[in-house]
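Novice: Below are the structure tokens for one structure; questions will follow.
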Amino acid sequence: MREKIDRAQAIFIVVAFEKEAKPLIDFFHLKRSKDSSFFPVFTNNEIILGLSGLGKVMGAACLSFLFTRFPTRHVAVINFGTAGHPTAELGMLYQVGKVECFSTSQVFYPQFPFAPMTTLSDLVTVDTPEKEFKKTVLYDMEFSGIVSVALKKTSLELIHAFKTVSDNRIHPFKIPATQSIIDSLILPHLPKVDTWIKKSWNLLSQIPTCLKVNDFEDLFCHIHFTETQKYQLIRSMQILKAHGQESSLSDLLANFSTADTILNCVNEKIKSLNWTV
Amino acid sequence: MFDIIYVEEAIKDHLTVLSIQRRFHESQVVYCNQYTEVFNRTQQNFRLQKQNPCLILAKKEGHFVLPIPEGYGIGTQYNYYFSHMLNCLYDCRYCFLQGLYQSAHLVLFVNLEAYEKAIVKILAQHPNEPVTFFSGYDCDSLGFENVSQFIQHFLPFFQKHPLAILEVRTKSPLTRPFLEHSVLPNVVIAYSLTPPKIHEAVEHKTPSLASRLQAMQTLQKKGWHIGLRFDPIIYTPDFESLYTHFFEQIFSILDPLKIHSVSFGLFRLPKPFYKKLAHLYPEDPLIQSDFLIRKNTVSYSADIEKKVVDFCMQSLKQYIAEKTLFPCSVDI
């Protein structure tokens with residue numbers, strides 16, 4: 001069964017904890033979605049934020065849930081949250097240039113189609129809270145799991161993480177952190193995240209969309225096309241579209257009653273094109 | 001110039017790496033174990049990356065010099081290519097690199113001495129025979145010279161090996177590395193050229209035709225061998241008048257008798273590469289042309305190819321000796 005697409009593009013944000021999410025929810029005026037059956041979801045339609053809970057499996061599951069419940073053609077994924085670092089000052093913001101899953105050693109490199117908003121750092125996703133900080137990198141518990149799932153739906157240019165340092169060797173993490181502490185770590189950075197989201201949104205709108213079978217569903221419901229004929233029609237319509245000569249589906253439906261006559265008509269149009277670049 | 005430079009851990013202290021990092025001191029550096037962790041992994045989008053390509057500094061391991069595909073020679077019996085770089089600064093819509101790689105980043109291999117050893121080995125396999133080495137197959141040989149210093153490095157090497165012919169394939173108007181060196185008879189600086197109308201439409205971020213012609217003229221006058229590469233030719237209904245004027249323009253500036261070689265061929269891509277380009281550029285009129293598939297290659301019809309090749313052959317023969325003309329075709 002073909003996926004039904006509800007929206008052309010959206011920014012999916014995965015955040016582990018409610019306290020980390022609250023500043024974003026307020027900043028972006030997100031409302032709790034009715035569709036929060038497995039994970040709490042907050043949205044303003046352009047941004048869809050899911051609260052995953054702790055760990056890479058939860059991060060991956062939350063993003064899968066968002067993809068399923070909010071079917072979208074082009075998506076950017078952002079993991080936002082706090083992380084540990086051996087030496088960085090509390091409240092420092094980083095973007096992740098390299099993420100390694102501690103348990104599987106899988107490595108991913110988010111790609112930057114525009115300049116990073118802040119300093120890059122490597123990040124290791126661990127299974128239990130990090131206390132030793134052996135490497136001079138960020139430590140979190142979600143991002144590698146989120147990347148693994150995000151890659152099923154989008155490309156590495158559109159998968160990113162913003163991490164603000166919540167603990168280091170001098171200031172180990174204290175549970176429970178209060179909302180005001182978390183706010184103080186996150187709030188100063190939201191304008192940068194906002195800029196990143198706007199740029200990502202703009203990038204998503206530049207991704208061209210090839211014509212697909214879905215685009216001709218109405219036509220194929222009314223007139224029988226073999227699979228080969230479907231492919232031929234889509235290919236021909238793509239050529240016409242690129243040359244600014246797209247036939248509307250309603251025209252085709254109104255004037256022709258068989259796949260052969262439609263294909264003939266489209267092919268005639270292609271032959272009459274002026275092949276200039 | 002680069003927001004991010006990826007560096008293989010193993011070469012982080014290599015002199016070239018350090019010098020490039022000093023030059024781009026504002027770039028952020030991300031270390032990787034192997035460049036293939038970053039470059040050409042699945043789920044990357046060439047088109048998005050091309051908006052802001054990064055530089056990857058790496059060490060090439062093996063396969064330094066390879067035989068060229070059939071039908072691309074320029075007169076010698078033995079022909080090889082080597083790539084000190086993968087990808088290109090320019091953004092030509094027809095370029096096969098978009099179909100070859102998932103990534104638009106520039107990979108620069110810094111262990112140039114390993115290529116030299118491989119070339120020496122190849123030369124030993126063909127004693128007393130001229131062997132051509134093409135350097136612009138996976139990149140523009142000269143376009144990144146200010147950073148790579150590839151030409152500056154290799155001219156003295158080829159000077160020591162007169163039977164080794166180096167083809168530098170480029171769209172760059174840079175002349176300095178050649179002007180600073182004595183003329184070498186075994187180096188061919190080959191310029192890829194398209195008529196201005198086509199250049200404006202499909203050769204994005206490339207230097208102007210005028211600047212290339214000026215560079216060619218300067219180098220030819222100094223005594224360097226110049227090659228002309230009209231490949232790919234983009235077919236348009238007015239291609240005959242387009243190319244007639246184009247050839248007139250070129251040969252009014254260059255001395256045709258001193259041209260080393262001219263190759264030409266119609267736009268063509270291996271089918272899998274074309275499929276990728278069609279997906280990347282569904283709205284592009286060139287990519288979305290009514291091409292046919294012949295011999296697993298996507299190109300214009302055989303009729304159009306014959307028309308174009310015959311026309312170019314006849315036109316170029318007015319200026320250039322036939323033995324220096326090298327047509328490239330789907331059928332070769």
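Chain labels run A, B, ... following the order of the structure tokens; each chain numbers its residues from 1, and ligands are numbered from 1 in the order shown.
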Can you tell me which residues surround Tyr6 in chain B at a distance of at most 7 Å, considering only C-alpha atoms, apart from same-chain residues fewer than 3 positions away, and format the answer as a PyMOL selection string?
Specialist: chain B and resi 29-32+55-57
Novice: For Thr87 in chain A, find every residue with an atom within 10 Å (counting only C-alpha atoms), except residues of its own chain fewer than 4 positions away, and show them as a PyMOL selection string.
Specialist: chain A and resi 133+136-138+165+167-171
Novice: Counting only C-alpha atoms, a student should be able to say which residues of chain A come within 9 Å of chain B; what is the right answer, written as number ranges by chain?
Specialist: A: 97-98, 107-116, 119-122, 151-157, 203, 206-211, 235-236, 238-244, 270-271, 274-277
Novice: Would you give me, as a PDB file with N, CA, C and O atoms, in the first residue's frame, the residues in range 37-90 of chain A that DSSP reads as strand (DSSP E or B)?
Specialist:
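Dumped to out-v7.pdb:
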ATOM      1  N   VAL A  41       3.416  14.505  21.691  1.00  0.00           N
ATOM      2  CA  VAL A  41       3.807  15.239  20.480  1.00  0.00           C
ATOM      3  C   VAL A  41       3.277  16.671  20.583  1.00  0.00           C
ATOM      4  O   VAL A  41       2.135  16.886  21.007  1.00  0.00           O
ATOM      5  N   PHE A  42       4.107  17.618  20.183  1.00  0.00           N
ATOM      6  CA  PHE A  42       3.727  19.034  20.183  1.00  0.00           C
ATOM      7  C   PHE A  42       4.010  19.572  18.786  1.00  0.00           C
ATOM      8  O   PHE A  42       5.062  19.287  18.211  1.00  0.00           O
ATOM      9  N   THR A  43       3.073  20.362  18.256  1.00  0.00           N
ATOM     10  CA  THR A  43       3.257  20.773  16.862  1.00  0.00           C
ATOM     11  C   THR A  43       2.646  22.135  16.576  1.00  0.00           C
ATOM     12  O   THR A  43       1.724  22.577  17.273  1.00  0.00           O
ATOM     13  N   ILE A  47       6.572  22.440  12.573  1.00  0.00           N
ATOM     14  CA  ILE A  47       7.469  21.724  13.488  1.00  0.00           C
ATOM     15  C   ILE A  47       6.665  20.647  14.195  1.00  0.00           C
ATOM     16  O   ILE A  47       5.559  20.903  14.680  1.00  0.00           O
ATOM     17  N   ILE A  48       7.233  19.454  14.255  1.00  0.00           N
ATOM     18  CA  ILE A  48       6.588  18.364  14.990  1.00  0.00           C
ATOM     19  C   ILE A  48       7.604  17.857  16.008  1.00  0.00           C
ATOM     20  O   ILE A  48       8.643  17.309  15.627  1.00  0.00           O
ATOM     21  N   LEU A  49       7.315  18.084  17.268  1.00  0.00           N
ATOM     22  CA  LEU A  49       8.274  17.749  18.327  1.00  0.00           C
ATOM     23  C   LEU A  49       7.764  16.546  19.112  1.00  0.00           C
ATOM     24  O   LEU A  49       6.616  16.549  19.587  1.00  0.00           O
ATOM     25  N   GLY A  50       8.622  15.542  19.225  1.00  0.00           N
ATOM     26  CA  GLY A  50       8.253  14.356  20.004  1.00  0.00           C
ATOM     27  C   GLY A  50       9.122  14.232  21.239  1.00  0.00           C
ATOM     28  O   GLY A  50      10.327  14.493  21.181  1.00  0.00           O
ATOM     29  N   LEU A  51       8.498  13.831  22.339  1.00  0.00           N
ATOM     30  CA  LEU A  51       9.248  13.581  23.589  1.00  0.00           C
ATOM     31  C   LEU A  51       9.548  12.098  23.650  1.00  0.00           C
ATOM     32  O   LEU A  51       8.650  11.273  23.802  1.00  0.00           O
ATOM     33  N   THR A  72       5.064  12.768   5.772  1.00  0.00           N
ATOM     34  CA  THR A  72       5.575  14.007   5.165  1.00  0.00           C
ATOM     35  C   THR A  72       6.550  13.634   4.062  1.00  0.00           C
ATOM     36  O   THR A  72       7.327  12.695   4.217  1.00  0.00           O
ATOM     37  N   ARG A  73       6.505  14.373   2.956  1.00  0.00           N
ATOM     38  CA  ARG A  73       7.381  14.017   1.824  1.00  0.00           C
ATOM     39  C   ARG A  73       8.847  14.335   2.126  1.00  0.00           C
ATOM     40  O   ARG A  73       9.696  13.487   2.003  1.00  0.00           O
ATOM     41  N   HIS A  74       9.142  15.549   2.516  1.00  0.00           N
ATOM     42  CA  HIS A  74      10.532  15.932   2.779  1.00  0.00           C
ATOM     43  C   HIS A  74      10.678  16.352   4.236  1.00  0.00           C
ATOM     44  O   HIS A  74       9.962  17.259   4.682  1.00  0.00           O
ATOM     45  N   VAL A  75      11.596  15.730   4.953  1.00  0.00           N
ATOM     46  CA  VAL A  75      11.723  16.026   6.384  1.00  0.00           C
ATOM     47  C   VAL A  75      13.156  16.394   6.742  1.00  0.00           C
ATOM     48  O   VAL A  75      14.119  15.905   6.152  1.00  0.00           O
ATOM     49  N   ALA A  76      13.262  17.288   7.726  1.00  0.00           N
ATOM     50  CA  ALA A  76      14.541  17.532   8.401  1.00  0.00           C
ATOM     51  C   ALA A  76      14.360  17.065   9.834  1.00  0.00           C
ATOM     52  O   ALA A  76      13.280  17.220  10.411  1.00  0.00           O
ATOM     53  N   VAL A  77      15.396  16.470  10.385  1.00  0.00           N
ATOM     54  CA  VAL A  77      15.311  15.931  11.743  1.00  0.00           C
ATOM     55  C   VAL A  77      16.343  16.639  12.619  1.00  0.00           C
ATOM     56  O   VAL A  77      17.506  16.770  12.228  1.00  0.00           O
ATOM     57  N   ILE A  78      15.882  17.085  13.765  1.00  0.00           N
ATOM     58  CA  ILE A  78      16.796  17.732  14.716  1.00  0.00           C
ATOM     59  C   ILE A  78      16.648  17.044  16.071  1.00  0.00           C
ATOM     60  O   ILE A  78      15.525  16.819  16.538  1.00  0.00           O
ATOM     61  N   ASN A  79      17.772  16.673  16.639  1.00  0.00           N
ATOM     62  CA  ASN A  79      17.768  16.185  18.018  1.00  0.00           C
ATOM     63  C   ASN A  79      18.301  17.326  18.876  1.00  0.00           C
ATOM     64  O   ASN A  79      19.394  17.819  18.641  1.00  0.00           O
ATOM     65  N   PHE A  80      17.488  17.725  19.826  1.00  0.00           N
ATOM     66  CA  PHE A  80      17.895  18.836  20.680  1.00  0.00           C
ATOM     67  C   PHE A  80      17.913  18.352  22.121  1.00  0.00           C
ATOM     68  O   PHE A  80      17.020  17.621  22.552  1.00  0.00           O
ATOM     69  N   GLY A  81      18.940  18.761  22.864  1.00  0.00           N
ATOM     70  CA  GLY A  81      18.942  18.359  24.262  1.00  0.00           C
ATOM     71  C   GLY A  81      20.249  18.668  24.940  1.00  0.00           C
ATOM     72  O   GLY A  81      21.124  19.345  24.391  1.00  0.00           O
ATOM     73  N   THR A  82      20.365  18.154  26.153  1.00  0.00           N
ATOM     74  CA  THR A  82      21.577  18.383  26.929  1.00  0.00           C
ATOM     75  C   THR A  82      22.524  17.197  26.753  1.00  0.00           C
ATOM     76  O   THR A  82      22.101  16.110  26.364  1.00  0.00           O
ATOM     77  N   ALA A  83      23.799  17.452  27.052  1.00  0.00           N
ATOM     78  CA  ALA A  83      24.803  16.394  26.927  1.00  0.00           C
ATOM     79  C   ALA A  83      25.942  16.664  27.905  1.00  0.00           C
ATOM     80  O   ALA A  83      26.118  17.804  28.349  1.00  0.00           O
ATOM     81  N   GLY A  84      26.688  15.634  28.199  1.00  0.00           N
ATOM     82  CA  GLY A  84      27.861  15.793  29.051  1.00  0.00           C
ATOM     83  C   GLY A  84      29.098  16.026  28.212  1.00  0.00           C
ATOM     84  O   GLY A  84      29.142  15.649  27.026  1.00  0.00           O
TER      85      GLY A  84
END
Novice: Taking the chain letters and numbering used in this document, name the residues of range 41-91 of chain B that DSSP puts in helix (DSSP H, G or I), as a list of chain:residue names.
Specialist: B:Phe46, B:Arg47, B:Leu48, B:Gln49
Novice: Just want the 12 Å neighbourhood of Gly73 in chain B, counted on only C-alpha atoms, with same-chain residues fewer than 2 positions away dropped. Output as number ranges by chain.
Specialist: B: 67-71, 75-81, 131-134, 165, 167, 229, 261-264, 324-328, 332
Novice: At a cut-off of 12 Å, using only C-alpha atoms, what residues contact Ile181 in chain A? Leave out same-chain residues fewer than 3 positions from it and give the result as a PDB file with C-alpha atoms, in the first residue's frame.
Specialist:
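Final file, out-v7.pdb:
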ATOM      1  CA  LYS A  19      11.999  19.894  30.829  1.00  0.00           C
ATOM      2  CA  GLU A  20      14.339  20.136  27.801  1.00  0.00           C
ATOM      3  CA  PRO A  23      11.597  26.061  26.289  1.00  0.00           C
ATOM      4  CA  THR A  82      21.577  18.383  26.929  1.00  0.00           C
ATOM      5  CA  LEU A  90      28.020  24.366  31.313  1.00  0.00           C
ATOM      6  CA  GLY A  91      25.572  25.928  28.887  1.00  0.00           C
ATOM      7  CA  VAL A 165      26.415  21.070  27.986  1.00  0.00           C
ATOM      8  CA  SER A 166      24.634  20.138  31.215  1.00  0.00           C
ATOM      9  CA  ASP A 167      27.466  18.433  33.067  1.00  0.00           C
ATOM     10  CA  PHE A 173      24.896  15.877  36.506  1.00  0.00           C
ATOM     11  CA  LYS A 174      22.476  16.247  39.370  1.00  0.00           C
ATOM     12  CA  ILE A 175      19.044  14.654  39.316  1.00  0.00           C
ATOM     13  CA  PRO A 176      16.507  16.133  39.420  1.00  0.00           C
ATOM     14  CA  ALA A 177      17.543  19.283  37.582  1.00  0.00           C
ATOM     15  CA  THR A 178      15.007  22.024  38.027  1.00  0.00           C
ATOM     16  CA  SER A 184      19.157  28.667  31.747  1.00  0.00           C
ATOM     17  CA  LEU A 185      21.072  26.112  29.680  1.00  0.00           C
ATOM     18  CA  ILE A 186      18.705  26.134  26.724  1.00  0.00           C
ATOM     19  CA  LEU A 187      16.932  29.483  26.368  1.00  0.00           C
TER      20      LEU A 187
END
Novice: When you count only C-alpha atoms, which of these residues is closest to Pro156 in chain B: B:Asn128, B:Asn186, B:Ser172, B:Asn87?
Specialist: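 Smallest separation from Pro156 in chain B among the options: B:Asn186.
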Novice: Measuring between only C-alpha atoms, which one of B:Val298, B:Thr218, B:Lys317, B:Leu193 shows the shortest distance to Leu277 in chain B?
Specialist: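 The answer is B:Val298, which sits nearest to Leu277 in chain B.
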Novice: What does the structure give for the distance between CA of Ile226 in chain B and CA of Thr170 in chain B, in Å to one decimal?
Specialist: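 Distance reported for this atom pair: 11.1 Å.
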Novice: Please measure the separation of CA of Ser182 in chain B and CA of Ala210 in chain B, giving the value in Å to one decimal.
Specialist: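 These two atoms are separated by 25.1 Å.
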Novice: Can you tell me, as a PyMOL selection string, what residues are no more than 7 Å from Glu100 in chain A when counting only C-alpha atoms, ignoring any on the same chain fewer than 2 positions away?
Specialist: chain A and resi 98+102+105-108+123-125+144
Novice: Save the residues we just selected, N, CA, C and O atoms, as an mmCIF file, in the first residue's frame?
Specialist:
data_model
loop_
_atom_site.group_PDB
_atom_site.id
_atom_site.type_symbol
_atom_site.label_atom_id
_atom_site.label_comp_id
_atom_site.auth_asym_id
_atom_site.auth_seq_id
_atom_site.Cartn_x
_atom_site.Cartn_y
_atom_site.Cartn_z
ATOM 1 N N LYS A 98 30.117 14.635 14.221
ATOM 2 C CA LYS A 98 30.346 13.186 14.080
ATOM 3 C C LYS A 98 29.690 12.515 15.275
ATOM 4 O O LYS A 98 29.848 12.965 16.405
ATOM 5 N N PHE A 102 28.260 4.071 20.946
ATOM 6 C CA PHE A 102 29.266 3.407 21.781
ATOM 7 C C PHE A 102 29.138 1.885 21.683
ATOM 8 O O PHE A 102 30.140 1.172 21.570
ATOM 9 N N SER A 105 29.646 0.868 17.664
ATOM 10 C CA SER A 105 30.748 1.561 16.971
ATOM 11 C C SER A 105 30.340 2.143 15.614
ATOM 12 O O SER A 105 31.196 2.567 14.831
ATOM 13 N N GLN A 106 29.056 2.150 15.316
ATOM 14 C CA GLN A 106 28.607 2.788 14.071
ATOM 15 C C GLN A 106 28.880 4.280 14.143
ATOM 16 O O GLN A 106 28.662 4.902 15.186
ATOM 17 N N VAL A 107 29.334 4.839 13.013
ATOM 18 C CA VAL A 107 29.672 6.267 12.987
ATOM 19 C C VAL A 107 28.879 6.962 11.883
ATOM 20 O O VAL A 107 28.732 6.425 10.785
ATOM 21 N N PHE A 108 28.353 8.126 12.178
ATOM 22 C CA PHE A 108 27.656 8.946 11.183
ATOM 23 C C PHE A 108 28.224 10.363 11.221
ATOM 24 O O PHE A 108 28.600 10.854 12.280
ATOM 25 N N LEU A 123 30.418 13.411 19.095
ATOM 26 C CA LEU A 123 29.502 12.992 20.158
ATOM 27 C C LEU A 123 29.478 11.468 20.208
ATOM 28 O O LEU A 123 29.504 10.812 19.165
ATOM 29 N N VAL A 124 29.464 10.930 21.410
ATOM 30 C CA VAL A 124 29.300 9.481 21.573
ATOM 31 C C VAL A 124 27.962 9.245 22.259
ATOM 32 O O VAL A 124 27.671 9.869 23.283
ATOM 33 N N THR A 125 27.163 8.370 21.648
ATOM 34 C CA THR A 125 25.888 8.009 22.269
ATOM 35 C C THR A 125 26.123 6.762 23.116
ATOM 36 O O THR A 125 26.518 5.707 22.605
ATOM 37 N N SER A 144 22.533 8.731 18.205
ATOM 38 C CA SER A 144 22.864 7.700 17.190
ATOM 39 C C SER A 144 21.629 6.880 16.820
ATOM 40 O O SER A 144 21.451 6.498 15.659
#
